[in-house]
Structure formats: C-alpha cells, structure tokens
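K.L.:
Next comes target.txt, compact mmCIF, C-alpha atoms:
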```txt
# COMPACT_ATOMS: atom_id res chain seq x y z
CA MET G 1 6.38 -98.92 1.40
CA ARG G 2 5.96 -100.37 4.89
CA SER G 3 8.11 -97.62 6.42
CA GLY G 4 6.03 -95.01 4.56
CA HIS G 5 2.80 -96.39 6.06
CA ARG G 6 4.41 -96.40 9.51
CA LEU G 7 5.45 -92.76 9.10
CA GLU G 8 1.92 -91.84 8.01
CA ARG G 9 0.49 -93.46 11.15
CA LEU G 10 2.96 -91.57 13.33
CA ARG G 11 2.05 -88.26 11.74
CA GLY G 12 -1.66 -88.99 11.83
CA HIS G 13 -4.21 -88.53 9.10
CA ARG G 14 -3.19 -85.30 7.36
CA LEU G 15 -5.98 -83.04 6.13
CA GLY G 16 -3.86 -80.23 4.74
CA ARG G 17 -2.88 -76.74 5.88
CA PRO G 18 -6.27 -75.11 5.15
CA PHE G 19 -8.00 -77.48 7.55
CA GLY G 20 -5.23 -76.85 10.08
CA TRP G 21 -6.09 -73.15 10.06
CA LEU G 22 -9.80 -73.92 10.36
CA TRP G 23 -9.16 -76.31 13.25
CA ALA G 24 -6.96 -73.78 15.06
CA ALA G 25 -9.61 -71.09 14.62
CA TYR G 26 -12.28 -73.40 16.01
CA GLY G 27 -10.16 -74.38 19.02
CA THR G 28 -9.31 -70.77 19.83
CA SER G 29 -12.90 -69.56 19.81
CA ALA G 30 -14.11 -72.67 21.69
CA LEU G 31 -11.57 -72.05 24.45
CA GLY G 32 -12.65 -68.41 24.69
CA THR G 33 -16.28 -69.46 24.99
CA TRP G 34 -15.57 -71.84 27.86
CA LEU G 35 -13.31 -69.33 29.60
CA ALA G 36 -16.31 -66.98 29.72
CA PHE G 37 -18.75 -69.72 30.73
CA GLY G 38 -21.22 -68.23 33.22
CA ALA G 39 -19.82 -64.71 32.86
CA PHE G 40 -23.10 -63.12 31.73
CA PRO G 41 -25.13 -64.35 34.74
CA LEU G 42 -22.34 -63.26 37.07
CA ILE G 43 -22.29 -59.79 35.52
CA ALA G 44 -26.06 -59.59 35.78
CA VAL G 45 -26.05 -60.61 39.47
CA HIS G 46 -22.92 -58.93 40.84
CA VAL G 47 -22.61 -55.86 38.61
CA LEU G 48 -26.20 -55.03 37.64
CA ARG G 49 -27.88 -56.51 40.76
CA CYS G 50 -30.45 -58.42 38.69
CA GLY G 51 -32.92 -60.87 40.20
CA PRO G 52 -33.50 -64.55 39.35
CA ALA G 53 -36.17 -63.79 36.73
CA GLN G 54 -33.84 -61.49 34.79
CA VAL G 55 -30.95 -63.96 34.99
CA ALA G 56 -33.19 -66.74 33.67
CA ALA G 57 -34.42 -64.49 30.86
CA LEU G 58 -30.85 -63.62 29.93
CA SER G 59 -30.02 -67.24 29.09
CA SER G 60 -33.36 -68.48 27.76
CA VAL G 61 -34.87 -65.49 25.97
CA GLY G 62 -31.53 -64.37 24.56
CA ALA G 63 -30.88 -67.79 23.02
CA ALA G 64 -34.47 -68.11 21.72
CA VAL G 65 -34.53 -64.67 20.09
CA GLY G 66 -31.03 -65.25 18.69
CA ALA G 67 -32.26 -68.48 17.10
CA ALA G 68 -35.21 -66.64 15.55
CA VAL G 69 -32.89 -63.96 14.18
CA ALA G 70 -30.71 -66.66 12.60
CA VAL G 71 -33.60 -68.14 10.58
CA PRO G 72 -33.42 -65.68 7.64
CA LEU G 73 -29.62 -65.75 7.72
CA GLY G 74 -29.52 -69.40 6.59
CA PRO G 75 -30.87 -68.82 3.06
CA TRP G 76 -28.82 -65.63 2.78
CA VAL G 77 -25.57 -67.37 3.73
CA GLU G 78 -26.26 -70.26 1.32
CA PHE G 79 -25.41 -68.01 -1.62
CA ARG G 80 -22.35 -66.30 -0.13
CA ARG G 81 -18.74 -67.45 0.11
CA LYS G 82 -18.61 -69.31 3.39
CA ARG G 83 -15.14 -68.25 4.54
CA GLN G 84 -16.15 -64.60 4.28
CA VAL G 85 -19.28 -65.34 6.32
CA LEU G 86 -17.22 -67.14 8.97
CA ILE G 87 -14.87 -64.18 9.30
CA ALA G 88 -17.81 -61.77 9.45
CA MET G 89 -19.54 -63.76 12.21
CA ASP G 90 -16.33 -63.86 14.24
CA LEU G 91 -15.93 -60.10 13.90
CA VAL G 92 -19.58 -59.52 14.82
CA ARG G 93 -19.16 -61.53 18.01
CA PHE G 94 -15.86 -59.77 18.77
CA ALA G 95 -17.42 -56.32 18.41
CA ALA G 96 -20.61 -57.21 20.30
CA LEU G 97 -18.77 -58.67 23.29
CA LEU G 98 -16.37 -55.73 23.53
CA THR G 99 -19.30 -53.35 24.02
CA ILE G 100 -19.84 -54.85 27.49
CA PRO G 101 -16.49 -53.88 29.10
CA ALA G 102 -16.58 -50.60 27.17
CA ALA G 103 -20.02 -49.74 28.57
CA PHE G 104 -18.94 -50.81 32.05
CA ALA G 105 -15.90 -48.54 31.89
CA LEU G 106 -18.19 -45.65 30.96
CA GLY G 107 -20.68 -46.49 33.68
CA ALA G 108 -23.40 -47.17 31.09
CA LEU G 109 -23.80 -50.95 31.21
CA THR G 110 -27.45 -52.09 31.42
CA PHE G 111 -29.39 -55.34 31.47
CA VAL G 112 -30.93 -54.48 28.09
CA GLN G 113 -27.44 -54.29 26.58
CA LEU G 114 -26.54 -57.69 28.04
CA MET G 115 -29.71 -59.12 26.52
CA LEU G 116 -29.02 -57.59 23.10
CA VAL G 117 -25.44 -58.87 23.09
CA SER G 118 -26.63 -62.38 24.00
CA VAL G 119 -29.09 -62.26 21.09
CA VAL G 120 -26.41 -61.12 18.62
CA VAL G 121 -23.92 -63.72 19.83
CA ALA G 122 -26.53 -66.52 19.70
CA ALA G 123 -27.56 -65.62 16.13
CA ALA G 124 -23.91 -65.34 15.03
CA ASP G 125 -23.11 -68.71 16.67
CA ILE G 126 -25.86 -70.50 14.73
CA THR G 127 -24.89 -68.82 11.47
CA PHE G 128 -21.20 -69.61 12.01
CA ARG G 129 -21.90 -73.30 12.69
CA ALA G 130 -24.11 -73.64 9.64
CA ALA G 131 -21.61 -71.89 7.36
CA SER G 132 -18.69 -73.88 8.78
CA GLY G 133 -20.45 -77.16 7.99
CA ALA G 134 -20.96 -76.11 4.38
CA TYR G 135 -17.39 -74.85 4.17
CA LEU G 136 -15.96 -78.08 5.60
CA LYS G 137 -17.88 -80.13 3.01
CA ALA G 138 -16.43 -77.98 0.23
CA LEU G 139 -12.93 -78.03 1.72
CA LEU G 140 -12.46 -81.78 2.19
CA PRO G 141 -13.35 -84.91 0.24
CA ALA G 142 -16.13 -87.05 1.72
CA GLU G 143 -13.78 -89.72 3.08
CA ASP G 144 -12.05 -87.14 5.31
CA LEU G 145 -15.17 -85.62 6.87
CA LEU G 146 -15.34 -88.06 9.79
CA VAL G 147 -11.69 -87.47 10.69
CA ALA G 148 -12.26 -83.72 10.64
CA ASN G 149 -15.45 -83.86 12.70
CA ALA G 150 -13.81 -86.18 15.23
CA ARG G 151 -11.01 -83.64 15.68
CA PHE G 152 -13.53 -80.85 16.20
CA GLU G 153 -15.36 -83.01 18.76
CA SER G 154 -12.10 -83.84 20.54
CA THR G 155 -11.19 -80.15 20.66
CA SER G 156 -14.63 -79.28 21.99
CA TRP G 157 -14.32 -81.67 24.91
CA THR G 158 -10.73 -80.61 25.61
CA THR G 159 -11.75 -76.96 25.91
CA THR G 160 -14.72 -78.05 28.05
CA ILE G 161 -12.28 -79.66 30.49
CA ILE G 162 -9.75 -76.84 30.77
CA GLY G 163 -11.82 -73.74 29.97
CA PRO G 164 -14.18 -73.41 32.98
CA PRO G 165 -11.47 -73.96 35.64
CA LEU G 166 -9.20 -71.38 33.99
CA GLY G 167 -12.15 -69.05 33.59
CA GLY G 168 -13.05 -69.53 37.25
CA VAL G 169 -9.54 -68.53 38.29
CA ALA G 170 -9.65 -65.49 35.99
CA ILE G 171 -13.04 -64.44 37.35
CA GLY G 172 -11.79 -64.83 40.92
CA LEU G 173 -8.71 -62.71 40.26
CA LEU G 174 -9.95 -60.16 37.71
CA GLY G 175 -13.74 -60.39 37.66
CA PRO G 176 -16.17 -61.70 35.02
CA LEU G 177 -15.53 -58.82 32.61
CA ALA G 178 -11.99 -60.13 32.06
CA THR G 179 -13.30 -63.42 30.68
CA VAL G 180 -15.69 -61.55 28.37
CA VAL G 181 -12.69 -59.69 26.96
CA ALA G 182 -10.83 -63.00 26.57
CA ASP G 183 -13.83 -64.46 24.74
CA ALA G 184 -13.96 -61.45 22.42
CA VAL G 185 -10.25 -61.70 21.65
CA SER G 186 -10.65 -65.40 20.87
CA TYR G 187 -13.11 -64.51 18.10
CA LEU G 188 -10.68 -61.95 16.70
CA LEU G 189 -7.91 -64.55 16.66
CA SER G 190 -10.30 -67.00 14.99
CA ALA G 191 -11.09 -64.43 12.30
CA LEU G 192 -7.37 -63.84 11.70
CA GLY G 193 -6.81 -67.60 11.38
CA LEU G 194 -9.64 -67.91 8.86
CA ARG G 195 -8.24 -64.94 6.98
CA ALA G 196 -4.87 -66.71 6.80
CA MET G 197 -6.56 -69.65 5.09
CA GLY G 198 -6.86 -67.55 1.93
CA GLY G 199 -3.15 -67.80 1.29
CA ALA G 200 -3.03 -71.46 2.30
CA MET G 201 -5.85 -72.38 -0.07
CA GLY G 202 -4.70 -70.21 -2.92
CA GLY G 203 -8.21 -68.78 -3.18
CA HIS G 204 -9.73 -72.11 -4.24
CA GLU G 205 -12.99 -71.92 -2.29
CA PRO G 206 -15.73 -72.88 -4.75
CA GLY G 207 -18.12 -70.08 -5.58
CA PRO G 208 -21.72 -70.32 -4.34
CA GLU G 209 -24.53 -71.29 -6.67
CA CYS G 210 -26.26 -68.31 -8.28
CA ARG G 211 -29.74 -67.48 -7.05
CA ARG G 212 -32.64 -67.58 -9.45
CA THR G 213 -34.08 -64.47 -7.82
CA ALA G 214 -32.32 -61.51 -6.27
CA ARG G 215 -34.65 -61.22 -3.28
CA LEU G 216 -35.05 -63.53 -0.34
CA ARG G 217 -38.52 -65.07 -0.58
CA ALA G 218 -40.64 -66.07 2.42
CA GLY G 219 -40.58 -69.68 1.20
CA ASP G 220 -36.77 -69.71 1.34
CA LEU G 221 -36.94 -69.53 5.13
CA LEU G 222 -38.53 -73.00 5.23
CA ASP G 223 -36.19 -74.71 2.76
CA GLY G 224 -34.02 -76.21 5.49
CA TRP G 225 -36.97 -77.76 7.30
CA ARG G 226 -38.42 -79.05 4.02
CA TYR G 227 -35.16 -80.80 3.25
CA LEU G 228 -34.93 -82.35 6.71
CA LEU G 229 -38.52 -83.54 6.82
CA THR G 230 -38.52 -85.08 3.33
CA ASP G 231 -35.26 -87.01 3.67
CA VAL G 232 -35.95 -90.54 4.93
CA ALA G 233 -32.67 -90.73 6.84
CA LEU G 234 -32.32 -87.18 8.17
CA ARG G 235 -35.90 -86.87 9.41
CA PRO G 236 -35.69 -89.47 12.23
CA LEU G 237 -32.18 -88.35 13.18
CA PHE G 238 -33.38 -84.74 13.33
CA PHE G 239 -36.20 -85.57 15.75
CA ASN G 240 -33.94 -87.87 17.77
CA THR G 241 -31.29 -85.19 18.24
CA ALA G 242 -33.73 -82.40 19.09
CA LEU G 243 -35.55 -84.53 21.67
CA PHE G 244 -32.41 -86.07 23.17
CA ASN G 245 -30.53 -82.77 23.53
CA GLY G 246 -33.60 -81.00 24.87
CA LEU G 247 -34.31 -83.60 27.55
CA VAL G 248 -30.68 -83.81 28.66
CA MET G 249 -30.33 -80.03 28.93
CA ALA G 250 -33.72 -79.70 30.65
CA THR G 251 -32.41 -81.67 33.63
CA GLN G 252 -29.34 -79.50 34.22
CA PRO G 253 -31.06 -76.77 36.29
CA LEU G 254 -32.89 -79.47 38.29
CA LEU G 255 -29.61 -81.27 38.99
CA ALA G 256 -28.12 -78.00 40.23
CA VAL G 257 -31.07 -77.48 42.59
CA LEU G 258 -30.89 -81.08 43.82
CA MET G 259 -27.12 -81.28 44.29
CA LEU G 260 -26.42 -77.78 45.62
CA GLY G 261 -29.59 -77.60 47.67
CA ARG G 262 -31.15 -80.73 49.13
CA LEU G 263 -28.09 -83.00 48.89
CA GLY G 264 -25.62 -80.42 50.17
CA PHE G 265 -22.85 -80.72 47.59
CA SER G 266 -20.37 -77.84 47.53
CA PRO G 267 -19.89 -75.77 44.35
CA TRP G 268 -16.47 -77.33 43.68
CA GLN G 269 -17.96 -80.82 43.92
CA TYR G 270 -20.75 -79.84 41.56
CA GLY G 271 -18.23 -78.46 39.06
CA LEU G 272 -16.01 -81.55 39.36
CA ALA G 273 -18.99 -83.86 38.80
CA PHE G 274 -19.51 -82.45 35.31
CA ALA G 275 -15.99 -81.36 34.30
CA ALA G 276 -14.04 -84.57 35.00
CA PRO G 277 -16.36 -86.86 32.96
CA SER G 278 -15.70 -84.72 29.89
CA ILE G 279 -12.59 -86.85 29.47
CA GLY G 280 -15.02 -89.48 28.20
CA GLY G 281 -15.92 -87.22 25.29
CA LEU G 282 -12.26 -86.83 24.41
CA ILE G 283 -11.77 -90.61 24.42
CA GLY G 284 -14.97 -91.27 22.49
CA SER G 285 -14.15 -88.77 19.75
CA ARG G 286 -10.77 -90.44 19.22
CA LEU G 287 -12.49 -93.82 18.79
CA ALA G 288 -15.16 -92.65 16.34
CA ARG G 289 -13.19 -93.24 13.13
CA PRO G 290 -11.72 -96.64 14.12
CA LEU G 291 -15.17 -97.86 15.15
CA VAL G 292 -16.75 -96.71 11.87
CA THR G 293 -13.93 -98.34 9.92
CA ARG G 294 -14.53 -101.65 11.68
CA PHE G 295 -18.32 -101.77 12.12
CA GLY G 296 -19.70 -99.30 9.58
CA GLN G 297 -21.23 -95.85 9.92
CA HIS G 298 -24.86 -96.92 10.39
CA GLN G 299 -24.04 -99.53 13.02
CA VAL G 300 -22.00 -97.09 15.12
CA LEU G 301 -24.63 -94.37 14.72
CA VAL G 302 -27.47 -96.59 15.94
CA VAL G 303 -25.59 -98.39 18.73
CA THR G 304 -24.01 -95.31 20.31
CA GLY G 305 -27.22 -93.33 19.76
CA ALA G 306 -29.08 -95.98 21.76
CA LEU G 307 -26.42 -96.39 24.44
CA ARG G 308 -26.27 -92.67 25.23
CA ALA G 309 -29.98 -92.76 26.10
CA LEU G 310 -29.50 -95.42 28.81
CA TRP G 311 -27.42 -93.36 31.24
CA PRO G 312 -29.45 -90.29 32.37
CA VAL G 313 -32.15 -92.28 34.19
CA GLY G 314 -29.48 -93.24 36.73
CA LEU G 315 -29.41 -89.65 37.98
CA ALA G 316 -32.82 -90.18 39.59
CA PHE G 317 -31.06 -92.37 42.18
CA LEU G 318 -28.58 -89.66 43.17
CA GLY G 319 -27.82 -89.52 46.89
CA PRO G 320 -25.59 -87.42 49.17
CA GLY G 321 -21.92 -87.84 49.98
CA THR G 322 -19.12 -89.55 48.13
CA GLY G 323 -21.38 -92.26 46.75
CA GLY G 324 -23.64 -89.69 45.13
CA LEU G 325 -20.69 -87.85 43.62
CA VAL G 326 -19.29 -91.09 42.18
CA LEU G 327 -22.72 -91.93 40.74
CA VAL G 328 -23.01 -88.57 38.96
CA MET G 329 -19.50 -88.82 37.58
CA GLY G 330 -20.05 -92.38 36.39
CA VAL G 331 -23.35 -91.57 34.67
CA GLU G 332 -21.94 -88.43 33.07
CA PHE G 333 -18.81 -90.25 31.92
CA GLY G 334 -20.85 -92.96 30.20
CA LEU G 335 -23.21 -90.42 28.65
CA ILE G 336 -20.43 -88.14 27.42
CA PHE G 337 -18.34 -91.05 26.12
CA CYS G 338 -21.26 -92.26 23.96
CA CYS G 339 -21.92 -88.69 22.80
CA GLY G 340 -18.23 -88.30 21.97
CA VAL G 341 -18.51 -91.21 19.52
CA PHE G 342 -22.01 -90.40 18.27
CA ASN G 343 -21.63 -86.67 17.59
CA PRO G 344 -18.89 -86.70 14.90
CA VAL G 345 -20.48 -89.72 13.21
CA CYS G 346 -23.86 -87.97 13.22
CA THR G 347 -22.36 -84.71 11.92
CA THR G 348 -20.56 -86.54 9.12
CA PHE G 349 -23.67 -88.51 8.17
CA ARG G 350 -25.70 -85.28 8.09
CA LEU G 351 -23.20 -83.59 5.77
CA GLU G 352 -23.08 -86.62 3.48
CA ARG G 353 -26.87 -86.79 3.25
CA THR G 354 -27.29 -83.06 2.52
CA ALA G 355 -26.85 -81.70 -0.98
CA THR G 356 -24.10 -79.10 -1.23
CA ASP G 357 -26.49 -76.32 -2.26
CA ARG G 358 -28.70 -76.99 0.79
CA VAL G 359 -26.14 -77.43 3.58
CA THR G 360 -26.31 -73.99 5.19
CA ARG G 361 -30.10 -73.80 5.19
CA THR G 362 -30.41 -77.33 6.52
CA LEU G 363 -27.86 -76.86 9.30
CA THR G 364 -29.48 -73.56 10.29
CA ALA G 365 -32.90 -75.23 10.52
CA TRP G 366 -31.34 -78.05 12.56
CA ALA G 367 -29.67 -75.67 15.03
CA VAL G 368 -32.69 -73.40 15.41
CA SER G 369 -35.00 -76.36 16.03
CA THR G 370 -32.63 -77.91 18.57
CA LYS G 371 -32.33 -74.65 20.51
CA ALA G 372 -36.09 -74.12 20.44
CA ALA G 373 -36.73 -77.67 21.67
CA THR G 374 -34.20 -77.20 24.47
CA ALA G 375 -35.79 -73.92 25.57
CA LEU G 376 -39.30 -75.42 25.52
CA LEU G 377 -38.37 -78.61 27.37
CA THR G 378 -36.29 -76.70 29.94
CA ALA G 379 -39.29 -74.51 30.74
CA LEU G 380 -41.62 -77.52 30.89
CA TRP G 381 -39.29 -79.50 33.15
CA GLY G 382 -38.93 -76.47 35.39
CA VAL G 383 -42.69 -76.61 35.94
CA LEU G 384 -42.56 -80.39 36.51
CA GLY G 385 -39.73 -79.93 39.00
CA SER G 386 -41.79 -77.38 40.92
CA LEU G 387 -44.85 -79.66 40.98
CA PHE G 388 -43.27 -83.05 41.70
CA GLY G 389 -39.76 -82.24 42.91
CA PRO G 390 -36.45 -82.23 41.01
CA ARG G 391 -35.69 -85.92 41.54
CA THR G 392 -39.01 -87.06 40.07
CA ALA G 393 -38.65 -84.69 37.10
CA ILE G 394 -35.10 -85.93 36.43
CA GLY G 395 -36.30 -89.53 36.52
CA LEU G 396 -39.18 -88.71 34.17
CA ALA G 397 -36.74 -87.18 31.66
CA GLY G 398 -34.61 -90.31 31.91
CA VAL G 399 -37.62 -92.51 31.12
CA PHE G 400 -38.51 -90.42 28.08
CA LEU G 401 -34.90 -90.58 26.92
CA LEU G 402 -35.12 -94.38 26.87
CA ALA G 403 -37.59 -94.05 23.97
CA THR G 404 -35.40 -91.79 21.82
CA PRO G 405 -33.52 -94.68 20.10
CA LEU G 406 -36.79 -95.48 18.34
CA LEU G 407 -36.24 -92.32 16.29
CA LEU G 408 -32.82 -93.36 14.97
CA PRO G 409 -32.51 -94.33 11.26
CA ARG G 410 -33.41 -98.00 10.91
CA ARG G 411 -31.45 -98.82 7.78
CA ALA G 412 -28.24 -97.70 6.15
CA VAL G 413 -28.49 -95.24 3.27
CA GLY G 414 -25.96 -93.87 0.83
CA ARG G 415 -24.60 -90.40 0.29
CA VAL G 416 -26.46 -87.81 -1.73
CA PRO G 417 -24.91 -87.72 -5.25
CA GLU G 418 -23.03 -84.50 -5.93
CA PRO G 419 -22.66 -82.82 -9.30
CA ALA G 420 -18.92 -82.44 -8.88
CA ALA G 421 -16.16 -83.97 -6.80
CA ALA G 422 -14.74 -82.15 -3.82
CA PRO G 423 -11.77 -79.89 -4.64
CA ASN G 424 -8.24 -81.09 -4.10
CA ARG G 425 -6.62 -80.08 -0.84
CA ALA G 426 -3.78 -77.61 -0.89
```
Can the structure from this file be put into structure tokens for me?
P.N.:
Amino acid sequence: MRSGHRLERLRGHRLGRPFGWLWAAYGTSALGTWLAFGAFPLIAVHVLRCGPAQVAALSSVGAAVGAAVAVPLGPWVEFRRKRQVLIAMDLVRFAALLTIPAAFALGALTFVQLMLVSVVVAAADITFRAASGAYLKALLPAEDLLVANARFESTSWTTTIIGPPLGGVAIGLLGPLATVVADAVSYLLSALGLRAMGGAMGGHEPGPECRRTARLRAGDLLDGWRYLLTDVALRPLFFNTALFNGLVMATQPLLAVLMLGRLGFSPWQYGLAFAAPSIGGLIGSRLARPLVTRFGQHQVLVVTGALRALWPVGLAFLGPGTGGLVLVMGVEFGLIFCCGVFNPVCTTFRLERTATDRVTRTLTAWAVSTKAATALLTALWGVLGSLFGPRTAIGLAGVFLLATPLLLPRRAVGRVPEPAAAPNRA
C-alpha cells in the first residue's frame, strides 16, 4: 500500500484522459495568444499607418463591444452541450483571425476589419471561458476542481513567460502577420483536441437542462448578474475581483509611459520587468492545492486576496536605473505570486458556489463585468495620469487597491447542493 501511494505521488494527481485533452487544448490556444501578443497594434501602426487614437480604440473599443456581444450568448450557451460550444468558439476565432492575412495578401486589409475581428475574438473568448467553466464542473468531481484550475493557472503563467519572447522573435523575422497565423492555428489545434475528447469520454457529457421556453427572453440576459448579486459569498468576491483587476490593469499604460519615457528604460528592460516575475505565478499556482489542504479554502482565499493588494502601491516609488528595475520586478513578483495562489482557489470557489444550471450565465456576467470595469477604470486613470502625472495616478490606484480586501467574503460557506453527483471520469 505504501509503495502504491508513493507511485501515485510520483505520477501526480491524475484527472483522467478527457481532462488531459482539455488541458492540452487550453495550453495550445494560450500559447498562440501570447505568441501574437501586441500583433494587432503593430499591424495597425506599421501596416495600416494608424494613429494613436485608432490604436487605443482597437484595444479598448474592440474588447468592450466584444463583451457586449457576449452578453446574450451566455443564456444561449447554458442550454447547449458545452464541448460543442467550445469547439465552435475555437473555429470562430480560427476563421476570424485568418481573414487578416488573407485580406493583407489581397491588398484589402483595413482598420475596420481589424476592429471587427477584435470584437469577434473578444466575444468568442468570453463565451469559451464561460462554457469551459461549466464543462469542467460537469467533467470532474468537486474535489478535483482545485487541482484542475491550478494546472490551468500554471499553464497560463508558463505561456506568459515563453510566449511573448518567442512572438517577438517571430515578429522580428517574419512580421506581425506570422504570429496572427500562429494564433489562428493554435485555435484549430485546440478544436481538434476538444474533438478528440469525444472518443476519450465515450460521449458521456451530460445533456443540458431543457428550457421552459423556446425563445431567449430579455430577462434571461440578467440571470447571471441576479445570481451573483443575490449570493452572499459570490457578491463580495465579484466586486473585489472586478475592482482589483480593473485598478491593476488601469496602471499598465501609465507604467509604460513612466518607464519608457521619463525614467528612460529600454524596451527590453520594460519587457523583462514584467515577463520574469511571471515565474511567481507558476510557483504560486503549484502551491495553491497544498495550502488549501493545510489551511482551508476560505483562509487561503482571504489571506492571498489581501496580500495581493499590498504590492502595487510600491510602484509609486519607482526610480531610474538598476534599482528601479529591481523594484518593479520585486513588486510584480510578489503581486503575481499571490495572484497565482488566489486565482485557482477563487475559480474553484466560484464553481462550487454556482448551481450547475447557472454556471455559463454566471461566468459570462462575471467576465463581461470585469472587462467593462477594466475599460472604465483604464479610461479614468488615463485622465488622472494626464492631470496629475503617471506616478501620482499609479500611487492613487495603489491606495485604492489597499481597500479591496474589505470586499472579500468574511466567513466560510459551503458548496451549493447539486441534484446529482458529478459523472465518473473515463
């Protein structure tokens, strides 16, 4: 028996072949996304000769409109088989991205097309994430969800570390269109991996609940928000996540202006300052399950949620030279390490607290709200940076972040009872 336990530890916690396919599909598409990181702005600037206003609109308006388009897709996806939706969203992103190099080859590429593709990809991303959460909850028993989410988080940070440098080399050698093609192919490979899950699972995906009405009602669009705002545990976590993510992302353009402009950091130093600390996310995600096993889910959620809010205010003290670079890397490492632990625990808690027949709508509402908050706060902090300077605006965001732990759940709660147990793994 002891040797059997030792062998199990060496092999790791096994989640079955279906999850292996899902994990591989996720890693492939995540790597493609990071390979193409920054490709759209580069195409807009160097190929289409767009100005700063158009480049800003490409990232902000495209994401905002894509989030709005995804709102009605949440209720629609809730009553569809999730694996089919995942494959469809991968194929949609594959086809949309391929139109860019095709149009360029024909001499017909325009800024409007770039904007439309960014909208389609943003909407498909939100829909894919919401459907994948529901699918994961149906695929695995509750006790395996944290292990699975920690592996996704670890993969996310790994691709964050290796993707942009490889993409930068590819862009330097072949141009930004090459990374767009690579991103498109990654979605095709992801779709093929998800398609292969059918044989691995033996077709055992549980069927969706039947709708009471055939048509999508206007009230259905708000179901996800109703669920979030009426749940005593999800409501504070929802507001905490939206505010925290929005404030952190709002400082990124200001940091770029401060570091690359006034402080005189080179582009490679700027990239290193944010790429190297991603190792902290990889380490944190590996520690998430052991920490929850030892201290409990609620304790880890609250402590790491509070600790991640302490770091960003340090960026207000950023200075030039090696000392400034070390400061940025240290702050980012601490922030990302805490996020690496917090994120999979938060994702698992959210799935456990959400009824199976509400997962897709709830996750869609969560993602749309988070993106909207990020867009709004980024615009607001851009104004503050113009009025008071980037350093003051960054410090102000750090001060506000110190208050976000007040929105974390204050007491432990149980899982939402389900009508049936999760299906056995293949």
K.L.:
Do you know which residues are at most 9 Å from Ile162 in chain G counting only C-alpha atoms, after dropping those on the same chain fewer than 4 positions away, and could you put them as a ChimeraX atom specification?
P.N.:
/G:31,34-35,157-158,166-167,275
K.L.:
Could you pull the residues within 9 Å of Tyr270 in chain G, counting all atoms listed in the file, minus those fewer than 5 positions along the same chain, as an MDAnalysis selection string?
P.N.:
chainID G and resid 256 259:260 265 275 325
K.L.:
Hey, which of G:Pro312, G:Gly38, G:Gly74, G:Pro101 ends up closest to Met249 in chain G? Count all atoms listed in the file.
P.N.:
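Counting all atoms listed in the file, the residue closest to Met249 in chain G is G:Pro312.
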K.L.:
What is the CA of Ala96 in chain G-CA of Val121 in chain G distance in Å, reported with one decimal?
P.N.:
7.3 Å
K.L.:
Select, from G:Leu106, G:Ala184, G:Val71, G:Leu58, the residue with the minimum atom-to-atom distance to Thr33 in chain G, counting all atoms listed in the file.
P.N.:
G:Ala184
K.L.:
Considering only C-alpha atoms, return as an MDAnalysis selection string whatever protein or nucleic-acid residues lie within 12 Å of Thr293 in chain G, sequence-local ones (same chain, fewer than 4 positions apart) excluded.
P.N.:
chainID G and resid 143 146:147 287:289 297:300 345
K.L.:
So which one's closest to Ile126 in chain G, G:Leu380, G:Ala196, G:Ile43, G:Leu363? Using all atoms listed in the file, please.
P.N.:
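Answer, going by the shortest atom-to-atom distance: G:Leu363.
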K.L.:
Using only C-alpha atoms, can you tell me which of G:Val383, G:Leu145, G:Ala276, G:Ala123 comes closest to Pro72 in chain G?
P.N.:
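Result for the nearest residue to Pro72 in chain G: G:Ala123.
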K.L.:
Would you please work out which residue, of G:Thr179, G:Thr127, G:Ser266, G:Thr155, is nearest to Val359 in chain G when using all atoms listed in the file?
P.N.:
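Between G:Thr179, G:Thr127, G:Ser266, G:Thr155, the residue approaching Val359 in chain G most closely is G:Thr127.
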K.L.:
My list of candidates is G:Cys346, G:Ala105, G:Leu408, G:Val69. Which is closest to Leu177 in chain G when distances are computed with only C-alpha atoms?
P.N.:
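That would be G:Ala105, the residue with the smallest distance to Leu177 in chain G.
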K.L.:
Please report the interatomic distance between CA of Met115 in chain G and CA of Gly62 in chain G in Å with one decimal.
P.N.:
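Those two atoms sit 5.9 Å apart.
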K.L.:
Once you count all atoms listed in the file, which residues end up no further than 12 Å from (-16.7, -56.1, 14.3) in the file's frame, shown as a ChimeraX atom specification?
P.N.:
/G:87-99,120-121,124,184-185,187-188,191
K.L.:
If you measure from CA of Thr322 in chain G to CA of Pro267 in chain G, what distance in Å do you get, rounded to one decimal?
P.N.:
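Between CA of Thr322 in chain G and CA of Pro267 in chain G the gap works out to 14.3 Å.
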